file protein.cif (mmCIF, C-alpha atoms)
data_data
loop_
_atom_site.label_atom_id
_atom_site.label_comp_id
_atom_site.auth_asym_id
_atom_site.auth_seq_id
_atom_site.Cartn_x
_atom_site.Cartn_y
_atom_site.Cartn_z
CA MET A 1 -37.47 27.70 23.42
CA THR A 2 -33.90 29.01 23.45
CA THR A 3 -32.63 25.56 24.46
CA ASP A 4 -34.68 23.85 21.75
CA ALA A 5 -33.37 26.22 19.12
CA GLY A 6 -29.82 25.60 20.43
CA ASP A 7 -30.31 21.82 20.23
CA THR A 8 -31.63 22.05 16.69
CA GLY A 9 -28.69 24.23 15.74
CA GLN A 10 -26.24 21.73 17.25
CA ARG A 11 -27.92 18.81 15.50
CA ARG A 12 -27.82 20.69 12.20
CA GLY A 13 -24.17 21.54 12.84
CA ARG A 14 -23.31 17.87 13.41
CA ALA A 15 -25.20 16.80 10.28
CA THR A 16 -23.37 19.42 8.21
CA ARG A 17 -20.01 18.39 9.66
CA ARG A 18 -20.69 14.79 8.81
CA ARG A 19 -21.70 15.71 5.25
CA VAL A 20 -18.48 17.69 4.84
CA MET A 21 -16.32 14.85 6.20
CA ASP A 22 -17.96 12.29 3.90
CA ALA A 23 -17.61 14.62 0.90
CA ALA A 24 -13.90 15.17 1.66
CA VAL A 25 -13.19 11.43 1.90
CA ASP A 26 -15.15 10.64 -1.30
CA CYS A 27 -13.37 13.44 -3.08
CA LEU A 28 -9.91 12.18 -2.04
CA ALA A 29 -10.84 8.60 -3.03
CA GLU A 30 -12.09 9.73 -6.41
CA TYR A 31 -9.70 12.52 -7.49
CA GLY A 32 -6.59 11.91 -5.37
CA TRP A 33 -4.74 14.59 -3.42
CA ALA A 34 -3.94 16.77 -6.44
CA GLY A 35 -7.61 16.98 -7.45
CA SER A 36 -8.97 17.49 -3.93
CA THR A 37 -9.42 21.17 -3.15
CA VAL A 38 -11.45 22.92 -0.48
CA THR A 39 -13.70 24.34 -3.24
CA VAL A 40 -14.56 20.90 -4.66
CA VAL A 41 -15.47 19.60 -1.18
CA ALA A 42 -17.60 22.70 -0.38
CA GLU A 43 -19.56 22.22 -3.61
CA ARG A 44 -20.03 18.50 -3.03
CA ALA A 45 -21.24 19.02 0.55
CA GLY A 46 -23.45 22.02 -0.40
CA VAL A 47 -21.80 24.49 1.99
CA SER A 48 -20.03 27.78 1.32
CA ARG A 49 -16.27 27.82 0.96
CA GLY A 50 -16.15 30.47 3.72
CA ALA A 51 -18.09 28.33 6.22
CA LEU A 52 -15.84 25.38 5.46
CA GLN A 53 -12.68 27.41 5.98
CA HIS A 54 -14.04 28.75 9.26
CA HIS A 55 -14.02 25.17 10.64
CA PHE A 56 -10.96 23.90 8.76
CA PRO A 57 -8.49 26.76 8.18
CA THR A 58 -6.19 24.74 5.88
CA ARG A 59 -6.57 22.04 3.24
CA GLU A 60 -4.44 19.75 5.46
CA ASP A 61 -6.86 20.29 8.38
CA LEU A 62 -9.87 19.43 6.25
CA PHE A 63 -8.58 16.18 4.76
CA THR A 64 -6.79 14.74 7.80
CA SER A 65 -9.86 15.49 9.96
CA ALA A 66 -12.11 13.83 7.38
CA VAL A 67 -10.07 10.62 7.20
CA GLU A 68 -9.96 10.43 11.00
CA HIS A 69 -13.70 11.08 11.37
CA VAL A 70 -14.71 8.46 8.81
CA ALA A 71 -12.24 5.93 10.28
CA GLU A 72 -13.89 6.33 13.71
CA GLN A 73 -17.34 5.82 12.22
CA GLN A 74 -16.34 2.68 10.34
CA SER A 75 -14.67 1.23 13.36
CA ALA A 76 -17.87 1.79 15.39
CA ALA A 77 -19.96 0.22 12.60
CA LEU A 78 -17.71 -2.85 12.48
CA ARG A 79 -17.91 -3.32 16.26
CA ALA A 80 -21.72 -3.13 16.06
CA LEU A 81 -21.82 -5.66 13.23
CA VAL A 82 -19.66 -8.10 15.15
CA GLU A 83 -21.80 -7.71 18.27
CA SER A 84 -24.96 -8.36 16.24
CA ALA A 85 -23.32 -11.57 14.96
CA ALA A 86 -22.96 -12.85 18.54
CA PRO A 87 -24.92 -16.11 17.92
CA ILE A 88 -22.23 -17.21 15.46
CA VAL A 89 -19.23 -18.51 17.44
CA GLY A 90 -15.72 -19.93 17.02
CA PRO A 91 -13.82 -20.00 13.70
CA ALA A 92 -16.93 -19.04 11.64
CA ARG A 93 -17.36 -15.85 13.62
CA ARG A 94 -13.68 -15.09 13.42
CA TYR A 95 -13.74 -15.58 9.66
CA LEU A 96 -16.76 -13.26 9.29
CA ALA A 97 -15.12 -10.60 11.44
CA VAL A 98 -11.79 -10.70 9.63
CA THR A 99 -13.46 -10.70 6.19
CA GLU A 100 -15.33 -7.53 7.18
CA LEU A 101 -12.14 -6.01 8.60
CA VAL A 102 -10.15 -6.76 5.43
CA ASP A 103 -12.98 -5.42 3.26
CA LEU A 104 -12.61 -2.05 5.03
CA TYR A 105 -9.23 -1.78 3.33
CA THR A 106 -10.77 -1.91 -0.11
CA GLY A 107 -13.44 0.77 0.38
CA PRO A 108 -13.36 4.53 -0.27
CA LEU A 109 -11.85 5.28 3.16
CA PHE A 110 -8.71 3.22 2.54
CA ARG A 111 -8.48 4.64 -0.97
CA ALA A 112 -8.70 8.18 0.44
CA ALA A 113 -6.15 7.38 3.16
CA LEU A 114 -3.79 5.90 0.57
CA HIS A 115 -3.86 9.09 -1.51
CA LEU A 116 -3.21 11.09 1.66
CA TRP A 117 -0.31 8.84 2.85
CA VAL A 118 1.39 8.91 -0.55
CA ALA A 119 0.96 12.69 -0.93
CA ALA A 120 2.46 13.13 2.56
CA ALA A 121 5.66 11.42 1.37
CA THR A 122 6.43 14.41 -0.86
CA GLU A 123 4.42 17.28 0.69
CA GLU A 124 6.12 18.68 3.77
CA PRO A 125 3.14 20.47 5.44
CA LEU A 126 1.10 17.27 5.21
CA ARG A 127 3.71 14.82 6.49
CA PRO A 128 3.68 15.36 10.30
CA ARG A 129 -0.14 15.43 10.35
CA VAL A 130 -0.40 12.18 8.42
CA VAL A 131 2.32 10.42 10.46
CA GLU A 132 0.35 11.17 13.63
CA LEU A 133 -2.98 10.20 12.03
CA GLU A 134 -1.57 6.94 10.66
CA ALA A 135 -0.28 5.97 14.10
CA ARG A 136 -3.67 6.69 15.69
CA ILE A 137 -5.68 4.79 13.08
CA GLY A 138 -3.15 1.94 13.19
CA ARG A 139 -3.48 1.56 16.98
CA GLU A 140 -7.28 1.52 16.72
CA ALA A 141 -7.21 -1.08 13.92
CA HIS A 142 -4.87 -3.24 15.99
CA ARG A 143 -7.11 -3.02 19.07
CA MET A 144 -10.11 -3.99 16.96
CA ALA A 145 -8.32 -6.91 15.28
CA VAL A 146 -7.25 -8.32 18.68
CA GLU A 147 -10.87 -8.12 19.84
CA LEU A 148 -12.28 -9.69 16.66
CA LEU A 149 -9.79 -12.55 16.71
CA GLY A 150 -10.22 -13.12 20.44
CA ALA A 151 -6.41 -13.06 20.63
CA ASN A 152 -4.43 -13.06 23.87
CA GLU A 153 -1.56 -10.61 23.43
CA LYS A 154 0.17 -11.80 26.59
CA GLU A 155 1.26 -14.95 24.75
CA PRO A 156 4.58 -14.54 22.92
CA GLY A 157 4.29 -13.83 19.19
CA VAL A 158 0.56 -13.05 19.23
CA ARG A 159 1.10 -9.31 18.93
CA GLU A 160 3.28 -9.75 15.84
CA THR A 161 0.84 -12.28 14.36
CA VAL A 162 -1.98 -9.73 14.54
CA GLN A 163 0.25 -6.95 13.18
CA GLY A 164 1.21 -9.13 10.22
CA LEU A 165 -2.45 -9.81 9.49
CA LEU A 166 -3.17 -6.07 9.40
CA ASP A 167 -0.15 -5.47 7.16
CA MET A 168 -1.59 -8.13 4.87
CA ALA A 169 -4.98 -6.38 4.89
CA ARG A 170 -3.26 -3.15 3.81
CA GLY A 171 -1.39 -5.00 1.06
CA LEU A 172 -4.67 -6.56 -0.13
CA GLY A 173 -6.20 -3.07 -0.16
CA LEU A 174 -3.33 -1.82 -2.32
CA ALA A 175 -3.84 -4.74 -4.72
CA SER A 176 -7.47 -3.75 -5.22
CA LEU A 177 -6.73 -0.10 -6.02
CA LEU A 178 -6.72 -0.52 -9.80
CA THR A 179 -8.60 -3.77 -10.45
CA ASP A 180 -11.29 -5.82 -8.74
CA ASP A 181 -9.29 -8.28 -6.69
CA GLY A 182 -12.20 -9.61 -4.60
CA ALA A 183 -12.14 -13.30 -5.57
CA ARG A 184 -8.40 -13.69 -4.97
CA ARG A 185 -8.67 -11.69 -1.74
CA ARG A 186 -11.32 -14.02 -0.34
CA ARG A 187 -9.20 -17.11 -1.10
CA VAL A 188 -6.13 -15.57 0.57
CA VAL A 189 -8.10 -14.54 3.67
CA GLU A 190 -9.73 -17.98 3.93
CA GLN A 191 -6.35 -19.74 3.77
CA TRP A 192 -4.70 -17.40 6.29
CA MET A 193 -7.64 -17.70 8.69
CA ALA A 194 -7.19 -21.46 8.57
CA ILE A 195 -3.52 -20.96 9.45
CA LEU A 196 -4.48 -18.58 12.28
CA ASP A 197 -6.97 -21.03 13.74
CA ASP A 198 -4.03 -23.32 14.47
CA VAL A 199 -1.84 -20.53 15.86
CA LEU A 200 -4.17 -18.54 18.10
CA MET B 201 36.95 -1.71 -36.78
CA THR B 202 33.38 -1.02 -37.78
CA THR B 203 32.23 -3.90 -35.59
CA ASP B 204 34.29 -2.67 -32.62
CA ALA B 205 32.87 0.83 -32.96
CA GLY B 206 29.39 -0.71 -33.18
CA ASP B 207 29.98 -2.74 -29.99
CA THR B 208 31.24 0.31 -28.13
CA GLY B 209 28.22 2.27 -29.29
CA GLN B 210 25.86 -0.48 -28.12
CA ARG B 211 27.61 -0.71 -24.76
CA ARG B 212 27.39 3.04 -24.35
CA GLY B 213 23.72 2.91 -25.35
CA ARG B 214 22.98 0.29 -22.69
CA ALA B 215 24.85 2.26 -20.02
CA THR B 216 22.90 5.40 -20.90
CA ARG B 217 19.60 3.53 -20.88
CA ARG B 218 20.39 2.14 -17.47
CA ARG B 219 21.32 5.58 -16.14
CA VAL B 220 18.02 6.98 -17.44
CA MET B 221 15.97 4.16 -15.90
CA ASP B 222 17.65 4.56 -12.51
CA ALA B 223 17.19 8.35 -12.64
CA ALA B 224 13.47 7.95 -13.47
CA VAL B 225 12.88 5.55 -10.56
CA ASP B 226 14.82 7.72 -8.09
CA CYS B 227 12.92 10.76 -9.28
CA LEU B 228 9.51 9.07 -8.79
CA ALA B 229 10.56 7.80 -5.36
CA GLU B 230 11.72 11.24 -4.28
CA TYR B 231 9.24 13.67 -5.87
CA GLY B 232 6.18 11.52 -6.59
CA TRP B 233 4.26 11.46 -9.87
CA ALA B 234 3.36 15.17 -9.84
CA GLY B 235 7.00 16.20 -9.47
CA SER B 236 8.40 13.69 -11.97
CA THR B 237 8.75 15.23 -15.42
CA VAL B 238 10.77 14.17 -18.44
CA THR B 239 12.92 17.29 -18.01
CA VAL B 240 13.86 16.45 -14.41
CA VAL B 241 14.88 12.90 -15.41
CA ALA B 242 16.91 14.11 -18.42
CA GLU B 243 18.85 16.52 -16.19
CA ARG B 244 19.42 13.88 -13.51
CA ALA B 245 20.68 11.33 -16.05
CA GLY B 246 22.77 13.89 -17.96
CA VAL B 247 21.09 13.37 -21.33
CA SER B 248 19.22 15.79 -23.58
CA ARG B 249 15.45 16.02 -23.36
CA GLY B 250 15.28 15.30 -27.09
CA ALA B 251 17.33 12.08 -26.87
CA LEU B 252 15.16 10.91 -23.99
CA GLN B 253 11.94 11.58 -25.88
CA HIS B 254 13.30 9.74 -28.91
CA HIS B 255 13.40 6.54 -26.83
CA PHE B 256 10.36 7.24 -24.65
CA PRO B 257 7.80 9.29 -26.57
CA THR B 258 5.54 9.91 -23.56
CA ARG B 259 5.96 10.48 -19.83
CA GLU B 260 3.93 7.29 -19.25
CA ASP B 261 6.38 5.29 -21.44
CA LEU B 262 9.38 6.61 -19.54
CA PHE B 263 8.16 5.88 -16.03
CA THR B 264 6.46 2.52 -16.61
CA SER B 265 9.57 1.29 -18.54
CA ALA B 266 11.80 2.48 -15.71
CA VAL B 267 9.86 0.68 -12.97
CA GLU B 268 9.82 -2.51 -15.05
CA HIS B 269 13.53 -2.32 -15.85
CA VAL B 270 14.59 -1.75 -12.23
CA ALA B 271 12.22 -4.49 -11.01
CA GLU B 272 13.91 -6.99 -13.37
CA GLN B 273 17.36 -5.98 -12.13
CA GLN B 274 16.41 -6.30 -8.47
CA SER B 275 14.84 -9.66 -9.04
CA ALA B 276 18.04 -10.88 -10.73
CA ALA B 277 20.14 -9.47 -7.85
CA LEU B 278 17.98 -11.25 -5.26
CA ARG B 279 18.27 -14.59 -7.10
CA ALA B 280 22.06 -14.19 -7.20
CA LEU B 281 22.18 -13.36 -3.49
CA VAL B 282 20.13 -16.42 -2.60
CA GLU B 283 22.32 -18.66 -4.77
CA SER B 284 25.45 -17.29 -3.09
CA ALA B 285 23.88 -18.18 0.27
CA ALA B 286 23.64 -21.84 -0.79
CA PRO B 287 25.68 -23.20 2.17
CA ILE B 288 22.96 -21.94 4.55
CA VAL B 289 20.06 -24.40 4.48
CA GLY B 290 16.57 -25.02 5.93
CA PRO B 291 14.63 -22.42 7.93
CA ALA B 292 17.66 -20.10 8.34
CA ARG B 293 18.05 -19.81 4.58
CA ARG B 294 14.32 -19.31 4.12
CA TYR B 295 14.33 -16.55 6.73
CA LEU B 296 17.29 -14.82 5.05
CA ALA B 297 15.61 -15.05 1.64
CA VAL B 298 12.25 -13.75 2.83
CA THR B 299 13.86 -10.92 4.82
CA GLU B 300 15.65 -9.79 1.67
CA LEU B 301 12.44 -10.13 -0.36
CA VAL B 302 10.42 -8.08 2.14
CA ASP B 303 13.18 -5.45 2.29
CA LEU B 304 12.74 -4.91 -1.47
CA TYR B 305 9.31 -3.48 -0.65
CA THR B 306 10.82 -0.73 1.46
CA GLY B 307 13.40 0.52 -1.05
CA PRO B 308 13.22 3.25 -3.72
CA LEU B 309 11.73 0.87 -6.31
CA PHE B 310 8.65 0.09 -4.22
CA ARG B 311 8.32 3.75 -3.30
CA ALA B 312 8.46 4.69 -7.01
CA ALA B 313 5.97 1.94 -7.93
CA LEU B 314 3.61 3.10 -5.17
CA HIS B 315 3.58 6.66 -6.53
CA LEU B 316 2.89 5.26 -10.01
CA TRP B 317 0.08 2.90 -8.83
CA VAL B 318 -1.67 5.64 -6.87
CA ALA B 319 -1.34 8.17 -9.71
CA ALA B 320 -2.81 5.56 -12.11
CA ALA B 321 -5.97 5.44 -9.98
CA THR B 322 -6.86 8.97 -11.06
CA GLU B 323 -4.91 9.47 -14.33
CA GLU B 324 -6.60 7.75 -17.25
CA PRO B 325 -3.65 7.52 -19.70
CA LEU B 326 -1.54 5.89 -17.01
CA ARG B 327 -4.05 3.33 -15.75
CA PRO B 328 -3.97 0.56 -18.43
CA ARG B 329 -0.16 0.67 -18.56
CA VAL B 330 0.17 0.33 -14.81
CA VAL B 331 -2.47 -2.41 -14.54
CA GLU B 332 -0.47 -4.50 -17.04
CA LEU B 333 2.84 -3.68 -15.36
CA GLU B 334 1.52 -4.51 -11.89
CA ALA B 335 0.32 -7.92 -13.12
CA ARG B 336 3.70 -8.68 -14.68
CA ILE B 337 5.74 -7.61 -11.63
CA GLY B 338 3.29 -9.45 -9.35
CA ARG B 339 3.70 -12.73 -11.26
CA GLU B 340 7.49 -12.44 -11.14
CA ALA B 341 7.45 -11.69 -7.39
CA HIS B 342 5.20 -14.72 -6.83
CA ARG B 343 7.50 -17.02 -8.84
CA MET B 344 10.47 -15.78 -6.86
CA ALA B 345 8.74 -16.19 -3.49
CA VAL B 346 7.78 -19.79 -4.33
CA GLU B 347 11.41 -20.52 -5.20
CA LEU B 348 12.80 -18.81 -2.09
CA LEU B 349 10.40 -20.60 0.22
CA GLY B 350 10.89 -23.95 -1.51
CA ALA B 351 7.09 -24.17 -1.60
CA ASN B 352 5.16 -26.86 -3.47
CA GLU B 353 2.22 -25.16 -5.15
CA LYS B 354 0.55 -28.46 -5.99
CA GLU B 355 -0.46 -28.84 -2.35
CA PRO B 356 -3.81 -27.22 -1.56
CA GLY B 357 -3.59 -23.77 0.03
CA VAL B 358 0.11 -23.23 -0.68
CA ARG B 359 -0.52 -20.81 -3.55
CA GLU B 360 -2.76 -18.63 -1.34
CA THR B 361 -0.26 -18.82 1.53
CA VAL B 362 2.48 -17.42 -0.70
CA GLN B 363 0.15 -14.76 -2.12
CA GLY B 364 -0.78 -13.66 1.40
CA LEU B 365 2.89 -13.37 2.32
CA LEU B 366 3.48 -11.07 -0.66
CA ASP B 367 0.41 -9.00 0.23
CA MET B 368 1.89 -8.69 3.72
CA ALA B 369 5.22 -7.58 2.23
CA ARG B 370 3.40 -4.85 0.27
CA GLY B 371 1.56 -3.76 3.40
CA LEU B 372 4.84 -3.62 5.32
CA GLY B 373 6.26 -1.51 2.50
CA LEU B 374 3.35 0.88 2.78
CA ALA B 375 3.90 1.13 6.55
CA SER B 376 7.50 2.23 5.99
CA LEU B 377 6.63 4.99 3.52
CA LEU B 378 6.57 7.81 6.08
CA THR B 379 8.54 6.48 9.05
CA ASP B 380 11.32 3.97 9.69
CA ASP B 381 9.42 0.81 10.50
CA GLY B 382 12.41 -1.59 10.28
CA ALA B 383 12.45 -2.96 13.85
CA ARG B 384 8.73 -3.79 13.87
CA ARG B 385 8.98 -5.24 10.34
CA ARG B 386 11.72 -7.66 11.38
CA ARG B 387 9.69 -8.90 14.35
CA VAL B 388 6.59 -9.45 12.18
CA VAL B 389 8.56 -11.31 9.49
CA GLU B 390 10.30 -13.47 12.10
CA GLN B 391 6.99 -14.46 13.68
CA TRP B 392 5.30 -15.25 10.36
CA MET B 393 8.27 -17.25 9.11
CA ALA B 394 8.02 -19.36 12.27
CA ILE B 395 4.32 -19.91 11.49
CA LEU B 396 5.09 -20.73 7.85
CA ASP B 397 7.75 -23.27 8.83
CA ASP B 398 4.93 -25.33 10.28
CA VAL B 399 2.62 -24.84 7.29
CA LEU B 400 4.92 -25.33 4.29
#

call {"tool": "encode", "arguments": {"input": "protein.cif", "output": "structure tokens"}}
result
Amino acid sequence: MTTDAGDTGQRRGRATRRRVMDAAVDCLAEYGWAGSTVTVVAERAGVSRGALQHHFPTREDLFTSAVEHVAEQQSAALRALVESAAPIVGPARRYLAVTELVDLYTGPLFRAALHLWVAAATEEPLRPRVVELEARIGREAHRMAVELLGANEKEPGVRETVQGLLDMARGLGLASLLTDDGARRRRVVEQWMAILDDVL
Amino acid sequence: MTTDAGDTGQRRGRATRRRVMDAAVDCLAEYGWAGSTVTVVAERAGVSRGALQHHFPTREDLFTSAVEHVAEQQSAALRALVESAAPIVGPARRYLAVTELVDLYTGPLFRAALHLWVAAATEEPLRPRVVELEARIGREAHRMAVELLGANEKEPGVRETVQGLLDMARGLGLASLLTDDGARRRRVVEQWMAILDDVL
């Protein structure tokens, strides 16, 4: 009985944590850094401000942890999607995978991350945390892109080719911050995938 | 005499305007949107707050005008640089031109624009102004990139290739917001220019 109660408590704890992380990312995406306070997130997630501060002592802790947590989840979801698309092969599969990857940069997570990155440029306590987080998320995105493209990084230039593609995905995400840029984005990705098919 | 005095006054007016525009862009780049007030810009440019508000009635007017003004100047400077490099031809010239173009996205102007774009995502009075400004600057950057690359947009795919390159430049700019990313950026640009030499 004690074990069962402990398990239930742990499960509930994980569910609450996930709700808090999602609320923090949505809040950042919607209101930006200036409008994202611990109080707003606590209300949105339906937890007390005290409980939230017990797990995340500072505002910086809360929002950097949230962006990292959601990034890990999305990366796992994308891997699963690509695995489930296994019957599709060659360029078609690569195009599907890269379209999904690029679309990640237009969703709430990228929007939240963008607000955090830009705030870190002028807010000293945030900067070192975000620099470290950006490096970690960047490495993971690179690893995933290499896998999705079936690229061989031992060949000269391939590493930089993949990096450039991810930089482009970030630029496309920036372009969709204020207006719906979906149609143009798809044409650009289609053209660059055709170029990549020749290179890789 | 009256005409001379008028000319001097106009010249002085233009010099002051330019000083104000530069101060506003530097201020945005350094302190972000939250820290960029009309008062801070007036002090930095050495003009009275009243004089500044006479020309730019709102904070939105001041900062969107400044980003547009500095963008026009940089675009003119880049054209001049490329013309002065006329003896260099072919891929070497193209590489020089694109390196200079990409470097624009890592300077104070891009940094200022980025703060303005991201603020516009959550600040209603700013949004329509920035959407219009972004479209105008984007069109000018595209025109310039086509010229620098010597690209023929009548050929299928060329327009999207150039757009993708500019999206990549914006993504590279974003990557250099918090850390010095210059060495990696040069390797990425070099690799993609080699790829583009085959495509264009």

call {"tool": "resolve_selection", "arguments": {"input": "protein.cif", "expression": "the PyMOL selection byres ((chain B) within 8 of (chain A))", "output": "VMD selection string"}}
result
chain B and resid 230 to 232 314 to 315 317 to 322 327 331 357 360 to 361 363 to 372 374 to 375 377 to 379 387 to 389 391 to 392 395 399

call {"tool": "write_last_selection", "arguments": {"input": "protein.cif", "atoms": "C-alpha atoms", "output": "JSON list (two decimals), keeping the file's coordinate frame"}}
result
[["chain", "number", "residue", "atom", "x", "y", "z"],
["B", 230, "GLU", "CA", 11.72, 11.24, -4.28],
["B", 231, "TYR", "CA", 9.24, 13.67, -5.87],
["B", 232, "GLY", "CA", 6.18, 11.52, -6.59],
["B", 314, "LEU", "CA", 3.61, 3.10, -5.17],
["B", 315, "HIS", "CA", 3.58, 6.66, -6.53],
["B", 317, "TRP", "CA", 0.08, 2.90, -8.83],
["B", 318, "VAL", "CA", -1.67, 5.64, -6.87],
["B", 319, "ALA", "CA", -1.34, 8.17, -9.71],
["B", 320, "ALA", "CA", -2.81, 5.56, -12.11],
["B", 321, "ALA", "CA", -5.97, 5.44, -9.98],
["B", 322, "THR", "CA", -6.86, 8.97, -11.06],
["B", 327, "ARG", "CA", -4.05, 3.33, -15.75],
["B", 331, "VAL", "CA", -2.47, -2.41, -14.54],
["B", 357, "GLY", "CA", -3.59, -23.77, 0.03],
["B", 360, "GLU", "CA", -2.76, -18.63, -1.34],
["B", 361, "THR", "CA", -0.26, -18.82, 1.53],
["B", 363, "GLN", "CA", 0.15, -14.76, -2.12],
["B", 364, "GLY", "CA", -0.78, -13.66, 1.40],
["B", 365, "LEU", "CA", 2.89, -13.37, 2.32],
["B", 366, "LEU", "CA", 3.48, -11.07, -0.66],
["B", 367, "ASP", "CA", 0.41, -9.00, 0.23],
["B", 368, "MET", "CA", 1.89, -8.69, 3.72],
["B", 369, "ALA", "CA", 5.22, -7.58, 2.23],
["B", 370, "ARG", "CA", 3.40, -4.85, 0.27],
["B", 371, "GLY", "CA", 1.56, -3.76, 3.40],
["B", 372, "LEU", "CA", 4.84, -3.62, 5.32],
["B", 374, "LEU", "CA", 3.35, 0.88, 2.78],
["B", 375, "ALA", "CA", 3.90, 1.13, 6.55],
["B", 377, "LEU", "CA", 6.63, 4.99, 3.52],
["B", 378, "LEU", "CA", 6.57, 7.81, 6.08],
["B", 379, "THR", "CA", 8.54, 6.48, 9.05],
["B", 387, "ARG", "CA", 9.69, -8.90, 14.35],
["B", 388, "VAL", "CA", 6.59, -9.45, 12.18],
["B", 389, "VAL", "CA", 8.56, -11.31, 9.49],
["B", 391, "GLN", "CA", 6.99, -14.46, 13.68],
["B", 392, "TRP", "CA", 5.30, -15.25, 10.36],
["B", 395, "ILE", "CA", 4.32, -19.91, 11.49],
["B", 399, "VAL", "CA", 2.62, -24.84, 7.29]]

call {"tool": "closest_residue", "arguments": {"input": "protein.cif", "among": "A:Thr37, A:Ser48, A:Leu200, A:Ala15", "to": "Ala151 in chain A", "atoms": "all atoms listed in the file"}}
result
A:Leu200

call {"tool": "atom_distance", "arguments": {"input": "protein.cif", "atom1": "CA of Ala23 in chain A", "atom2": "CA of Asp61 in chain A"}}
result
14.3 Å

call {"tool": "atom_distance", "arguments": {"input": "protein.cif", "atom1": "CA of Val41 in chain A", "atom2": "CA of Glu72 in chain A"}}
result
20.0 Å

call {"tool": "residues_around", "arguments": {"input": "protein.cif", "residues": "range 274-276 of chain B", "least_positions_apart": "5", "cutoff": "10 Å", "atoms": "only C-alpha atoms", "output": "count of residues only"}}
result
9

call {"tool": "residues_around", "arguments": {"input": "protein.cif", "residues": "Val20 in chain A", "least_positions_apart": "3", "cutoff": "9 Å", "atoms": "only C-alpha atoms", "output": "PyMOL selection string"}}
result
chain A and resi 15-17+23-25+41-42+44-47+52+62+66

call {"tool": "axis_aligned_box", "arguments": {"input": "protein.cif", "around": "range 79-90 of chain A", "padding_each_side": "6 Å", "output": "lines of an AutoDock Vina configuration file"}}
result
center_x = -20.3
center_y = -11.5
center_z = 15.9
size_x = 21.2
size_y = 28.8
size_z = 17.3

call {"tool": "atom_distance", "arguments": {"input": "protein.cif", "atom1": "CA of His54 in chain A", "atom2": "CA of Val38 in chain A"}}
result
11.6 Å

call {"tool": "build_atoms", "arguments": {"input": "protein.cif", "residues": "range 378-382 of chain B", "atoms": "all heavy atoms", "output": "PDB file, keeping the file's coordinate frame"}}
result
ATOM      1  N   LEU B 378       6.402   6.519   5.414  1.00  0.00           N
ATOM      2  CA  LEU B 378       6.570   7.810   6.080  1.00  0.00           C
ATOM      3  C   LEU B 378       7.502   7.769   7.292  1.00  0.00           C
ATOM      4  O   LEU B 378       8.008   8.793   7.726  1.00  0.00           O
ATOM      5  CB  LEU B 378       5.210   8.373   6.510  1.00  0.00           C
ATOM      6  CG  LEU B 378       4.201   8.618   5.384  1.00  0.00           C
ATOM      7  CD1 LEU B 378       2.892   9.141   5.950  1.00  0.00           C
ATOM      8  CD2 LEU B 378       4.748   9.596   4.349  1.00  0.00           C
ATOM      9  N   THR B 379       7.682   6.580   7.872  1.00  0.00           N
ATOM     10  CA  THR B 379       8.540   6.480   9.050  1.00  0.00           C
ATOM     11  C   THR B 379       9.401   5.218   8.938  1.00  0.00           C
ATOM     12  O   THR B 379       9.081   4.317   8.164  1.00  0.00           O
ATOM     13  CB  THR B 379       7.690   6.359  10.337  1.00  0.00           C
ATOM     14  OG1 THR B 379       6.703   5.334  10.134  1.00  0.00           O
ATOM     15  CG2 THR B 379       6.986   7.660  10.678  1.00  0.00           C
ATOM     16  N   ASP B 380      10.476   5.164   9.700  1.00  0.00           N
ATOM     17  CA  ASP B 380      11.320   3.970   9.690  1.00  0.00           C
ATOM     18  C   ASP B 380      10.655   2.892  10.526  1.00  0.00           C
ATOM     19  O   ASP B 380      10.544   3.006  11.739  1.00  0.00           O
ATOM     20  CB  ASP B 380      12.707   4.304  10.243  1.00  0.00           C
ATOM     21  CG  ASP B 380      13.579   3.050  10.299  1.00  0.00           C
ATOM     22  OD1 ASP B 380      13.146   1.992   9.782  1.00  0.00           O
ATOM     23  OD2 ASP B 380      14.682   3.116  10.867  1.00  0.00           O
ATOM     24  N   ASP B 381      10.214   1.847   9.856  1.00  0.00           N
ATOM     25  CA  ASP B 381       9.420   0.810  10.500  1.00  0.00           C
ATOM     26  C   ASP B 381      10.226  -0.504  10.589  1.00  0.00           C
ATOM     27  O   ASP B 381       9.672  -1.572  10.819  1.00  0.00           O
ATOM     28  CB  ASP B 381       8.159   0.625   9.643  1.00  0.00           C
ATOM     29  CG  ASP B 381       7.108  -0.249  10.288  1.00  0.00           C
ATOM     30  OD1 ASP B 381       6.836  -0.056  11.481  1.00  0.00           O
ATOM     31  OD2 ASP B 381       6.586  -1.151   9.598  1.00  0.00           O
ATOM     32  N   GLY B 382      11.563  -0.405  10.432  1.00  0.00           N
ATOM     33  CA  GLY B 382      12.410  -1.590  10.280  1.00  0.00           C
ATOM     34  C   GLY B 382      12.361  -2.576  11.444  1.00  0.00           C
ATOM     35  O   GLY B 382      12.285  -3.781  11.228  1.00  0.00           O
TER      36      GLY B 382
END
